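Q: Provided herewith is a single structure, encoded as structure tokens, for subsequent inquiry.
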Amino acid sequence: MSAEADLPDLATGITLSIDATPLGVRRALGMLMQALERLELGADETGAVELVLAEVLNNAVEHAYAGQGGRIELSCRHAPNGLHVTLRDRGIAMPDSQIPAGTENRLRPGSDRPDGGFGWLIIRNLARDIAYRRDGGENVLIFRLAVGRDHAMH
């Protein structure tokens with residue numbers, strides 16, 4: 001996928017069906033970041049998009065599917081107010097059917113690393129309009145990244 005004409009168009013929306021594996025996530029991120037080039041985002045916006053997408057996809061791999069594999073469907077569409085993202089998987093539901101609080105985790109005794117990650121803290125700080133629901137055995141996570149708002153759609 002090297003020619004710009006072959007890139008998915010975020011203005012009309014793209015949907016990827018992703019293997020719920022670390023390699024599947026890396027491949028999907030590569031395709032999405034290449035498609036984002038059309039939006040001519042700044043380095044900070046590009047980094048924020050990549051970081052949030054990596055966090056939500058890796059959360060699905062590690063927690064929803066508990067490393068057992070499956071499929072993740074990721075849909076992205078760029079609109080005047082940012083990049084709208086929907087992630088669907090058929091893995092385990094989020095605890096209490098709610099998005100984790102995303103608070104800073106404390107250090108475990110005898111460790112210099114926090115117990116758990118900062119993923120939801122990062123996601124909550126960078127994403128907007130975050131919503132989660134369980135729908136017919138499927139996790140549905142929806143959010144918006146307020147990027148590329150001043151750029152013309154190509």
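Chain labels A, B, ... are given in the sequence in which chains occur in the structure tokens; within each chain residues are numbered consecutively from 1, and ligands are likewise numbered from 1 in the order shown.
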For range 146-149 of chain A, find every residue with an atom within 8 Å (counting only C-alpha atoms), except residues of its own chain fewer than 3 positions away, and show them as a ChimeraX atom specification.
A: /A:39-41,45,79-83,127-128
Q: Which of range 36-142 of chain A counts as strand (DSSP E) under DSSP, as a ChimeraX atom specification please?
A: /A:71-79,82-89,128-135,138-142
Q: Looking at A:Met31, A:Ala66, A:Ala131, A:Leu23, which one is nearest to Ser97 in chain A, with distances taken over only C-alpha atoms?
A: A:Ala131
Q: One decimal, Å: what's the distance from CA of Val140 in chain A over to CA of Leu36 in chain A, could you say?
A: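 Between CA of Val140 in chain A and CA of Leu36 in chain A the gap works out to 22.7 Å.
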Q: Pick the closest to Ser17 in chain A from A:Val56, A:Arg71, A:Gly30, A:Glu37: which is it, counting only C-alpha atoms?
A: A:Arg71
Q: Report the distance between CA of Trp120 in chain A and CA of Asp44 in chain A in Å, rounded to one decimal place.
A: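 Result for CA of Trp120 in chain A versus CA of Asp44 in chain A: 18.8 Å, one decimal.
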Q: Taking into account only C-alpha atoms, which residue in the set A:Cys76, A:Ala20, A:Ile142, A:Ala43 is nearest to Asn59 in chain A?
A: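 Residue with the minimum atom-to-atom distance to Asn59 in chain A: A:Ala20.
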Q: In Å, rounded to a single decimal, give me how far CA of Ser75 in chain A is from CA of Ile14 in chain A.
A: 5.6 Å
Q: Could you write out, as an mmCIF file with N, CA, C and O atoms, in the first residue's frame, all the residues of range 23-107 of chain A that DSSP marks as alpha helix (DSSP H)?
A:
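Result written to out28.cif:
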data_model
loop_
_atom_site.group_PDB
_atom_site.id
_atom_site.type_symbol
_atom_site.label_atom_id
_atom_site.label_comp_id
_atom_site.auth_asym_id
_atom_site.auth_seq_id
_atom_site.Cartn_x
_atom_site.Cartn_y
_atom_site.Cartn_z
ATOM 1 N N LEU A 23 1.130 -8.640 16.901
ATOM 2 C CA LEU A 23 1.479 -8.406 15.497
ATOM 3 C C LEU A 23 0.300 -7.800 14.738
ATOM 4 O O LEU A 23 0.477 -6.876 13.939
ATOM 5 N N GLY A 24 -0.907 -8.276 14.992
ATOM 6 C CA GLY A 24 -2.094 -7.710 14.360
ATOM 7 C C GLY A 24 -2.265 -6.245 14.704
ATOM 8 O O GLY A 24 -2.603 -5.421 13.845
ATOM 9 N N VAL A 25 -2.010 -5.891 15.970
ATOM 10 C CA VAL A 25 -2.101 -4.496 16.409
ATOM 11 C C VAL A 25 -1.053 -3.651 15.698
ATOM 12 O O VAL A 25 -1.352 -2.566 15.200
ATOM 13 N N ARG A 26 0.182 -4.144 15.627
ATOM 14 C CA ARG A 26 1.258 -3.382 14.947
ATOM 15 C C ARG A 26 0.907 -3.127 13.483
ATOM 16 O O ARG A 26 1.104 -2.026 12.973
ATOM 17 N N ARG A 27 0.403 -4.152 12.814
ATOM 18 C CA ARG A 27 0.043 -3.996 11.392
ATOM 19 C C ARG A 27 -1.071 -2.968 11.221
ATOM 20 O O ARG A 27 -1.021 -2.124 10.331
ATOM 21 N N ALA A 28 -2.090 -3.061 12.064
ATOM 22 C CA ALA A 28 -3.218 -2.131 11.970
ATOM 23 C C ALA A 28 -2.766 -0.703 12.242
ATOM 24 O O ALA A 28 -3.170 0.228 11.534
ATOM 25 N N LEU A 29 -1.931 -0.519 13.259
ATOM 26 C CA LEU A 29 -1.423 0.822 13.559
ATOM 27 C C LEU A 29 -0.626 1.381 12.387
ATOM 28 O O LEU A 29 -0.753 2.558 12.053
ATOM 29 N N GLY A 30 0.167 0.554 11.749
ATOM 30 C CA GLY A 30 0.929 0.996 10.581
ATOM 31 C C GLY A 30 0.024 1.478 9.463
ATOM 32 O O GLY A 30 0.251 2.540 8.876
ATOM 33 N N MET A 31 -1.034 0.722 9.183
ATOM 34 C CA MET A 31 -1.979 1.117 8.134
ATOM 35 C C MET A 31 -2.702 2.409 8.497
ATOM 36 O O MET A 31 -2.853 3.299 7.664
ATOM 37 N N LEU A 32 -3.148 2.498 9.748
ATOM 38 C CA LEU A 32 -3.876 3.693 10.175
ATOM 39 C C LEU A 32 -2.998 4.935 10.162
ATOM 40 O O LEU A 32 -3.423 6.003 9.727
ATOM 41 N N MET A 33 -1.772 4.805 10.616
ATOM 42 C CA MET A 33 -0.878 5.959 10.648
ATOM 43 C C MET A 33 -0.541 6.403 9.230
ATOM 44 O O MET A 33 -0.423 7.597 8.965
ATOM 45 N N GLN A 34 -0.446 5.466 8.317
ATOM 46 C CA GLN A 34 -0.203 5.836 6.921
ATOM 47 C C GLN A 34 -1.418 6.570 6.360
ATOM 48 O O GLN A 34 -1.284 7.582 5.662
ATOM 49 N N ALA A 35 -2.624 6.100 6.670
ATOM 50 C CA ALA A 35 -3.844 6.766 6.206
ATOM 51 C C ALA A 35 -3.958 8.167 6.801
ATOM 52 O O ALA A 35 -4.456 9.088 6.153
ATOM 53 N N LEU A 36 -3.479 8.341 8.026
ATOM 54 C CA LEU A 36 -3.549 9.645 8.693
ATOM 55 C C LEU A 36 -2.671 10.705 8.033
ATOM 56 O O LEU A 36 -2.888 11.893 8.232
ATOM 57 N N ALA A 43 3.097 16.727 14.700
ATOM 58 C CA ALA A 43 3.726 15.610 15.409
ATOM 59 C C ALA A 43 2.991 15.274 16.709
ATOM 60 O O ALA A 43 2.820 14.098 17.044
ATOM 61 N N ASP A 44 2.534 16.283 17.451
ATOM 62 C CA ASP A 44 1.821 16.038 18.708
ATOM 63 C C ASP A 44 0.501 15.318 18.455
ATOM 64 O O ASP A 44 0.147 14.385 19.181
ATOM 65 N N GLU A 45 -0.232 15.754 17.434
ATOM 66 C CA GLU A 45 -1.511 15.109 17.123
ATOM 67 C C GLU A 45 -1.292 13.669 16.651
ATOM 68 O O GLU A 45 -1.998 12.758 17.082
ATOM 69 N N THR A 46 -0.324 13.475 15.783
ATOM 70 C CA THR A 46 -0.026 12.132 15.285
ATOM 71 C C THR A 46 0.365 11.219 16.437
ATOM 72 O O THR A 46 -0.108 10.084 16.535
ATOM 73 N N GLY A 47 1.208 11.715 17.316
ATOM 74 C CA GLY A 47 1.637 10.927 18.472
ATOM 75 C C GLY A 47 0.478 10.575 19.386
ATOM 76 O O GLY A 47 0.386 9.446 19.884
ATOM 77 N N ALA A 48 -0.429 11.520 19.609
ATOM 78 C CA ALA A 48 -1.594 11.268 20.465
ATOM 79 C C ALA A 48 -2.488 10.193 19.855
ATOM 80 O O ALA A 48 -2.956 9.287 20.563
ATOM 81 N N VAL A 49 -2.734 10.273 18.561
ATOM 82 C CA VAL A 49 -3.576 9.276 17.887
ATOM 83 C C VAL A 49 -2.938 7.898 18.013
ATOM 84 O O VAL A 49 -3.597 6.927 18.397
ATOM 85 N N GLU A 50 -1.661 7.800 17.695
ATOM 86 C CA GLU A 50 -0.979 6.507 17.736
ATOM 87 C C GLU A 50 -0.972 5.940 19.153
ATOM 88 O O GLU A 50 -1.227 4.748 19.349
ATOM 89 N N LEU A 51 -0.723 6.777 20.138
ATOM 90 C CA LEU A 51 -0.676 6.327 21.527
ATOM 91 C C LEU A 51 -2.040 5.804 21.987
ATOM 92 O O LEU A 51 -2.146 4.710 22.552
ATOM 93 N N VAL A 52 -3.103 6.550 21.733
ATOM 94 C CA VAL A 52 -4.437 6.130 22.169
ATOM 95 C C VAL A 52 -4.871 4.861 21.432
ATOM 96 O O VAL A 52 -5.378 3.918 22.056
ATOM 97 N N LEU A 53 -4.678 4.819 20.123
ATOM 98 C CA LEU A 53 -5.064 3.624 19.381
ATOM 99 C C LEU A 53 -4.270 2.406 19.843
ATOM 100 O O LEU A 53 -4.831 1.309 19.994
ATOM 101 N N ALA A 54 -2.973 2.574 20.090
ATOM 102 C CA ALA A 54 -2.165 1.459 20.594
ATOM 103 C C ALA A 54 -2.680 0.989 21.952
ATOM 104 O O ALA A 54 -2.792 -0.222 22.203
ATOM 105 N N GLU A 55 -3.026 1.919 22.826
ATOM 106 C CA GLU A 55 -3.532 1.552 24.160
ATOM 107 C C GLU A 55 -4.843 0.784 24.075
ATOM 108 O O GLU A 55 -4.996 -0.257 24.718
ATOM 109 N N VAL A 56 -5.812 1.289 23.306
ATOM 110 C CA VAL A 56 -7.112 0.608 23.262
ATOM 111 C C VAL A 56 -7.009 -0.748 22.572
ATOM 112 O O VAL A 56 -7.640 -1.720 23.007
ATOM 113 N N LEU A 57 -6.216 -0.837 21.516
ATOM 114 C CA LEU A 57 -6.051 -2.120 20.831
ATOM 115 C C LEU A 57 -5.323 -3.130 21.708
ATOM 116 O O LEU A 57 -5.726 -4.295 21.806
ATOM 117 N N ASN A 58 -4.255 -2.689 22.350
ATOM 118 C CA ASN A 58 -3.519 -3.602 23.233
ATOM 119 C C ASN A 58 -4.352 -4.013 24.438
ATOM 120 O O ASN A 58 -4.247 -5.147 24.907
ATOM 121 N N ASN A 59 -5.203 -3.114 24.947
ATOM 122 C CA ASN A 59 -6.108 -3.495 26.032
ATOM 123 C C ASN A 59 -7.040 -4.617 25.589
ATOM 124 O O ASN A 59 -7.303 -5.550 26.345
#
Q: Would you pick out the contacts of Arg90 in chain A at 8 Å or less, using only C-alpha atoms, so that residues sharing its chain but fewer than 3 positions from it are not included, and give the list as a list in words?
A: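 Once the nearby chain positions are removed, what remains is Ala64, Tyr65, Gly70, Arg71, Ile72, Gly137, Glu138 and Asn139 of chain A.
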Q: For the residues in that selection, give me N, CA and C atoms as a CSV table (one decimal), in the first residue's frame.
A:
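Produced file part_2.csv, reproduced below:
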chain,number,residue,atom,x,y,z
A,64,ALA,N,-9.4,-8.1,27.1
A,64,ALA,CA,-10.7,-8.6,26.6
A,64,ALA,C,-10.5,-10.1,26.2
A,65,TYR,N,-9.4,-10.3,25.4
A,65,TYR,CA,-9.2,-11.6,24.9
A,65,TYR,C,-8.2,-12.4,25.8
A,70,GLY,N,-8.5,-13.6,18.9
A,70,GLY,CA,-9.9,-13.3,18.5
A,70,GLY,C,-9.8,-12.2,17.4
A,71,ARG,N,-10.8,-11.4,17.2
A,71,ARG,CA,-10.9,-10.4,16.2
A,71,ARG,C,-11.3,-9.1,16.9
A,72,ILE,N,-10.7,-8.0,16.4
A,72,ILE,CA,-11.1,-6.6,16.8
A,72,ILE,C,-11.5,-5.9,15.6
A,137,GLY,N,-23.0,-9.5,23.6
A,137,GLY,CA,-21.8,-10.3,23.7
A,137,GLY,C,-20.6,-9.6,23.1
A,138,GLU,N,-20.8,-8.3,22.8
A,138,GLU,CA,-19.7,-7.5,22.2
A,138,GLU,C,-19.4,-6.3,23.0
A,139,ASN,N,-18.1,-6.0,23.2
A,139,ASN,CA,-17.6,-4.8,23.8
A,139,ASN,C,-17.6,-3.7,22.7
Q: Do you know which residues are at most 6 Å from Leu74 in chain A counting only C-alpha atoms, after dropping those on the same chain fewer than 4 positions away, and could you put them as JSON, numbers by chain?
A: {"A": [15, 16, 86, 87]}
Q: Which residue, A:Arg124, A:Ile130, A:Ala101, A:Arg38, has the smallest gap to His78 in chain A when you use only C-alpha atoms?
A: A:Arg38
Q: Which one is closest to Gly69 in chain A: A:Leu141, A:Leu10, A:Ile122, A:Ile18? Count only C-alpha atoms.
A: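 Closest to Gly69 in chain A of all the choices is A:Ile18.
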Q: Given only C-alpha atoms as the basis, pick out the residue of A:Gln68, A:Leu121, A:His63, A:Pro95 nearest to Thr21 in chain A.
A: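 Among the listed residues, A:Gln68 lies closest to Thr21 in chain A.
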